[in-house]
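Visitor: Enclosed is the structure file model00.tsv (TSV, C-alpha atoms).
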```
chain	number	residue	atom	x	y	z
A	12	MET	CA	11.06	-12.04	-6.15
A	13	THR	CA	12.01	-12.15	-9.76
A	14	GLU	CA	13.51	-15.28	-11.28
A	15	ASP	CA	17.02	-13.89	-10.87
A	16	GLY	CA	16.46	-13.26	-7.14
A	17	ARG	CA	15.98	-9.51	-7.32
A	18	LEU	CA	13.28	-7.69	-5.38
A	19	LYS	CA	10.02	-7.57	-7.30
A	20	LYS	CA	8.83	-3.95	-7.33
A	21	ARG	CA	5.66	-2.43	-8.66
A	22	LYS	CA	5.40	1.01	-10.20
A	23	TRP	CA	3.52	3.26	-7.79
A	24	ARG	CA	2.33	6.72	-8.81
A	25	LYS	CA	2.00	8.25	-5.37
A	26	ARG	CA	4.24	6.94	-2.60
A	27	GLN	CA	4.16	9.63	0.09
A	28	GLY	CA	1.85	8.82	3.00
A	29	ARG	CA	1.35	5.21	1.86
A	30	CYS	CA	4.28	3.42	3.53
A	31	TYR	CA	2.19	0.83	5.41
A	32	GLU	CA	0.13	-0.09	2.36
A	33	LEU	CA	3.03	-0.19	-0.10
A	34	ALA	CA	5.44	-2.00	2.23
A	35	TYR	CA	2.75	-4.61	2.92
A	36	LEU	CA	2.01	-5.13	-0.79
A	37	THR	CA	5.70	-5.27	-1.69
A	38	GLN	CA	6.33	-7.87	1.01
A	39	GLN	CA	3.43	-9.98	-0.29
A	40	ASP	CA	5.18	-10.00	-3.70
A	41	ASN	CA	8.49	-10.92	-2.01
A	42	PRO	CA	7.73	-13.54	0.66
A	43	ASP	CA	11.31	-13.90	1.92
A	44	TRP	CA	11.37	-10.29	3.11
A	45	THR	CA	10.29	-9.15	6.58
A	46	LEU	CA	7.80	-6.33	7.02
A	47	VAL	CA	9.01	-3.81	9.59
A	48	HIS	CA	6.95	-1.19	11.44
A	49	GLY	CA	8.75	1.51	13.37
A	50	GLU	CA	9.75	5.15	13.28
A	51	VAL	CA	12.16	7.15	11.16
A	52	ASP	CA	13.28	10.77	11.13
A	53	ASN	CA	11.21	12.79	8.67
A	54	GLY	CA	14.23	14.84	7.63
A	55	HIS	CA	13.25	17.71	9.91
A	56	GLY	CA	14.17	16.16	13.26
A	57	CYS	CA	10.75	14.67	13.94
A	58	ALA	CA	10.08	10.93	14.37
A	59	ILE	CA	7.20	9.59	12.28
A	60	GLY	CA	5.60	6.15	12.04
A	61	HIS	CA	6.93	4.26	9.04
A	62	ALA	CA	7.03	0.83	7.36
A	63	TRP	CA	9.73	-0.80	5.24
A	64	ILE	CA	10.93	-4.30	4.39
A	65	GLU	CA	14.19	-6.08	5.21
A	66	LYS	CA	16.12	-9.18	4.18
A	67	ASP	CA	19.67	-10.36	4.84
A	68	GLY	CA	20.96	-7.00	6.08
A	69	GLU	CA	19.28	-5.00	3.33
A	70	VAL	CA	16.42	-2.50	3.65
A	71	TYR	CA	14.03	-1.51	0.89
A	72	ASP	CA	12.12	1.68	1.64
A	73	VAL	CA	9.17	1.68	-0.73
A	74	VAL	CA	8.40	5.37	-0.23
A	75	LEU	CA	11.93	6.33	-1.26
A	76	ASP	CA	12.00	3.49	-3.83
A	77	SER	CA	15.55	2.73	-2.71
A	78	ALA	CA	17.56	-0.06	-1.08
A	79	PHE	CA	20.07	0.54	1.71
A	80	PRO	CA	22.36	-1.51	3.90
A	81	GLN	CA	20.37	-2.15	7.09
A	82	ALA	CA	22.95	-0.61	9.44
A	83	SER	CA	23.26	2.63	7.47
A	84	TYR	CA	19.48	2.94	7.01
A	85	ARG	CA	18.89	2.58	10.73
A	86	LEU	CA	21.67	5.05	11.55
A	87	ASP	CA	21.05	7.66	8.83
A	88	ARG	CA	17.25	7.65	9.12
A	89	TRP	CA	17.26	7.22	12.92
A	90	ALA	CA	15.11	4.15	12.30
A	91	VAL	CA	13.68	2.43	15.35
A	92	VAL	CA	12.04	-0.98	14.90
A	93	PHE	CA	8.81	-1.59	16.83
A	94	GLU	CA	7.56	-4.81	15.20
A	95	GLU	CA	8.64	-7.28	12.49
A	96	TYR	CA	6.23	-9.53	10.57
A	97	SER	CA	6.57	-12.52	8.30
A	98	ARG	CA	4.44	-12.58	5.17
A	99	THR	CA	1.96	-14.95	6.85
A	100	GLU	CA	1.72	-12.83	10.00
A	101	ALA	CA	1.11	-9.67	8.00
A	102	ALA	CA	-1.57	-11.39	5.90
A	103	LEU	CA	-3.35	-12.67	9.04
A	104	LEU	CA	-3.32	-9.19	10.54
A	105	LEU	CA	-4.74	-7.71	7.34
A	106	VAL	CA	-7.56	-10.26	7.23
A	107	LYS	CA	-8.49	-9.73	10.88
A	108	THR	CA	-8.10	-5.94	11.07
A	109	LYS	CA	-9.04	-4.97	7.50
A	110	ASN	CA	-6.04	-2.63	7.28
A	111	MET	CA	-2.40	-2.84	6.22
A	112	GLY	CA	-1.03	-1.27	9.38
A	113	PRO	CA	0.09	0.05	11.64
A	114	TRP	CA	-1.43	-2.49	13.99
A	115	THR	CA	-2.01	-1.90	17.68
A	116	SER	CA	-0.51	-4.14	20.36
A	117	ASP	CA	-4.03	-5.41	21.12
A	118	GLU	CA	-4.57	-6.35	17.46
A	119	ILE	CA	-1.19	-8.06	17.27
A	120	SER	CA	-1.71	-10.08	20.44
A	121	SER	CA	-5.27	-11.09	19.58
A	122	VAL	CA	-4.32	-12.26	16.08
A	123	LEU	CA	-0.80	-13.67	16.48
A	124	GLU	CA	-0.51	-14.90	20.04
A	125	THR	CA	-2.03	-18.31	20.57
A	126	PRO	CA	-3.11	-18.88	24.17
A	127	ALA	CA	-1.29	-21.63	26.00
A	128	PRO	CA	-3.31	-24.84	26.48
A	129	ASP	CA	-5.13	-25.10	29.77
A	130	GLN	CA	-3.05	-27.34	32.04
A	131	SER	CA	-5.49	-27.33	34.98
A	132	ASP	CA	-7.13	-30.66	34.05
A	133	LYS	CA	-3.83	-32.55	33.73
A	134	ARG	CA	-2.48	-34.55	36.66
```
Reformat the file's structure so that it appears as structure tokens.
Guide:
Amino acid sequence: MTEDGRLKKRKWRKRQGRCYELAYLTQQDNPDWTLVHGEVDNGHGCAIGHAWIEKDGEVYDVVLDSAFPQASYRLDRWAVVFEEYSRTEAALLLVKTKNMGPWTSDEISSVLETPAPDQSDKR
């Protein structure tokens, strides 16, 4: 975030096809935002995997380089949310998987889900 609270954005030359990378990097620059992985309509009636960031009812789509109210983004783009990640969760997944997403359910559970303590020895 900038000092005045605005979203800190970088200047990217090529945005198409890089949503997971650019959404991850933008979230790392703006720790109060949530990284979202899901699907959106590609404009031709076909759902495609996509990543964007959200905060307080606002969406920033880094590929479009535009902000939208969350409700209208989800309605107009037919956006479906699969997973949401905090900055720390996304960073842990990057370190463990060596990629910026999308992450599989196996990767997510192995990195983010801590097994419950074994209760068998307690009486």
Visitor: Looking at only C-alpha atoms, which of A:Leu18, A:Ala62, A:Tyr35, A:Val91 is the one that sits closest to Asn110 (chain A)?
Guide: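 Nearest candidate to Asn110 (chain A) out of A:Leu18, A:Ala62, A:Tyr35, A:Val91: A:Tyr35.
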Visitor: For Asn41 (chain A), which residue among A:Ser83, A:Gln27, A:Val73, A:Arg98 is the nearest when counting all atoms listed in the file?
Guide: A:Arg98
Visitor: Looking at only C-alpha atoms, which of A:Gly60, A:Phe93, A:Glu69, A:Leu104 is the one that sits closest to Glu118 (chain A)?
Guide: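 Smallest separation from Glu118 (chain A) among the options: A:Leu104.
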Visitor: For Leu75 (chain A), which residue among A:Cys30, A:Gly49, A:Glu100, A:Arg21 is the nearest when counting all atoms listed in the file?
Guide: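 Checking each candidate against Leu75 (chain A), we get A:Cys30 as the closest.
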Visitor: How many Å separate CA of Thr37 (chain A) from CA of Lys22 (chain A)?
Guide: 10.6 Å
Visitor: Separation of CA of Thr108 (chain A) and CA of Trp44 (chain A), in Å?
Guide: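 CA of Thr108 (chain A) sits 21.5 Å away from CA of Trp44 (chain A).
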Visitor: Would you mind telling me which residue in A:Ala101, A:Ala82, A:Val74, A:Ile59 lies nearest to Arg29 (chain A) when using all atoms listed in the file?
Guide: A:Val74
Visitor: Within 8 Å of (-0.1, 0.1, 9.3), only C-alpha atoms: residues as a list of chain:residue names?
Guide: A:Cys30, A:Tyr31, A:Glu32, A:His48, A:Ala62, A:Asn110, A:Met111, A:Gly112, A:Pro113, A:Trp114
Visitor: Nearest to Asn53 (chain A): which of A:Gly28, A:Thr115, A:Val122, A:Trp23 is it, counting only C-alpha atoms?
Guide: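 Of A:Gly28, A:Thr115, A:Val122, A:Trp23, the one nearest Asn53 (chain A) is A:Gly28, counting only C-alpha atoms.
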Visitor: Would you mind reading off the distance between CA of Tyr71 (chain A) and CA of Leu105 (chain A), one decimal, in Å?
Guide: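 Between CA of Tyr71 (chain A) and CA of Leu105 (chain A) the gap is 20.8 Å.
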Visitor: Could you add N, CA and C atoms to region 63-78 of chain A and give me the result as a PDB file, in the coordinates of the input?
Guide:
```pdb
ATOM      1  N   TRP A  63       8.784  -0.439   6.288  1.00  0.00           N
ATOM      2  CA  TRP A  63       9.730  -0.800   5.240  1.00  0.00           C
ATOM      3  C   TRP A  63       9.899  -2.316   5.282  1.00  0.00           C
ATOM      4  N   ILE A  64      10.676  -2.868   4.373  1.00  0.00           N
ATOM      5  CA  ILE A  64      10.930  -4.300   4.390  1.00  0.00           C
ATOM      6  C   ILE A  64      12.429  -4.555   4.458  1.00  0.00           C
ATOM      7  N   GLU A  65      12.788  -5.724   5.027  1.00  0.00           N
ATOM      8  CA  GLU A  65      14.190  -6.080   5.210  1.00  0.00           C
ATOM      9  C   GLU A  65      14.440  -7.542   4.870  1.00  0.00           C
ATOM     10  N   LYS A  66      15.677  -7.798   4.421  1.00  0.00           N
ATOM     11  CA  LYS A  66      16.120  -9.180   4.180  1.00  0.00           C
ATOM     12  C   LYS A  66      17.640  -9.199   4.139  1.00  0.00           C
ATOM     13  N   ASP A  67      18.224 -10.120   4.892  1.00  0.00           N
ATOM     14  CA  ASP A  67      19.670 -10.360   4.840  1.00  0.00           C
ATOM     15  C   ASP A  67      20.504  -9.083   4.931  1.00  0.00           C
ATOM     16  N   GLY A  68      20.173  -8.214   5.885  1.00  0.00           N
ATOM     17  CA  GLY A  68      20.960  -7.000   6.080  1.00  0.00           C
ATOM     18  C   GLY A  68      20.694  -5.889   5.093  1.00  0.00           C
ATOM     19  N   GLU A  69      19.644  -6.024   4.309  1.00  0.00           N
ATOM     20  CA  GLU A  69      19.280  -5.000   3.330  1.00  0.00           C
ATOM     21  C   GLU A  69      17.899  -4.456   3.659  1.00  0.00           C
ATOM     22  N   VAL A  70      17.705  -3.172   3.457  1.00  0.00           N
ATOM     23  CA  VAL A  70      16.420  -2.500   3.650  1.00  0.00           C
ATOM     24  C   VAL A  70      15.939  -1.992   2.308  1.00  0.00           C
ATOM     25  N   TYR A  71      14.656  -2.179   2.032  1.00  0.00           N
ATOM     26  CA  TYR A  71      14.030  -1.510   0.890  1.00  0.00           C
ATOM     27  C   TYR A  71      12.943  -0.610   1.442  1.00  0.00           C
ATOM     28  N   ASP A  72      13.102   0.688   1.218  1.00  0.00           N
ATOM     29  CA  ASP A  72      12.120   1.680   1.640  1.00  0.00           C
ATOM     30  C   ASP A  72      11.277   2.007   0.412  1.00  0.00           C
ATOM     31  N   VAL A  73      10.029   1.553   0.442  1.00  0.00           N
ATOM     32  CA  VAL A  73       9.170   1.680  -0.730  1.00  0.00           C
ATOM     33  C   VAL A  73       8.781   3.129  -1.021  1.00  0.00           C
ATOM     34  N   VAL A  74       8.722   3.961  -0.006  1.00  0.00           N
ATOM     35  CA  VAL A  74       8.400   5.370  -0.230  1.00  0.00           C
ATOM     36  C   VAL A  74       9.535   6.064  -0.973  1.00  0.00           C
ATOM     37  N   LEU A  75      10.762   5.755  -0.583  1.00  0.00           N
ATOM     38  CA  LEU A  75      11.930   6.330  -1.260  1.00  0.00           C
ATOM     39  C   LEU A  75      12.285   5.564  -2.528  1.00  0.00           C
ATOM     40  N   ASP A  76      11.706   4.378  -2.711  1.00  0.00           N
ATOM     41  CA  ASP A  76      12.000   3.490  -3.830  1.00  0.00           C
ATOM     42  C   ASP A  76      13.508   3.230  -3.934  1.00  0.00           C
ATOM     43  N   SER A  77      14.111   2.937  -2.752  1.00  0.00           N
ATOM     44  CA  SER A  77      15.550   2.730  -2.710  1.00  0.00           C
ATOM     45  C   SER A  77      15.898   1.639  -1.711  1.00  0.00           C
ATOM     46  N   ALA A  78      17.022   0.958  -1.987  1.00  0.00           N
ATOM     47  CA  ALA A  78      17.560  -0.060  -1.080  1.00  0.00           C
ATOM     48  C   ALA A  78      18.776   0.509  -0.378  1.00  0.00           C
TER      49      ALA A  78
END
```
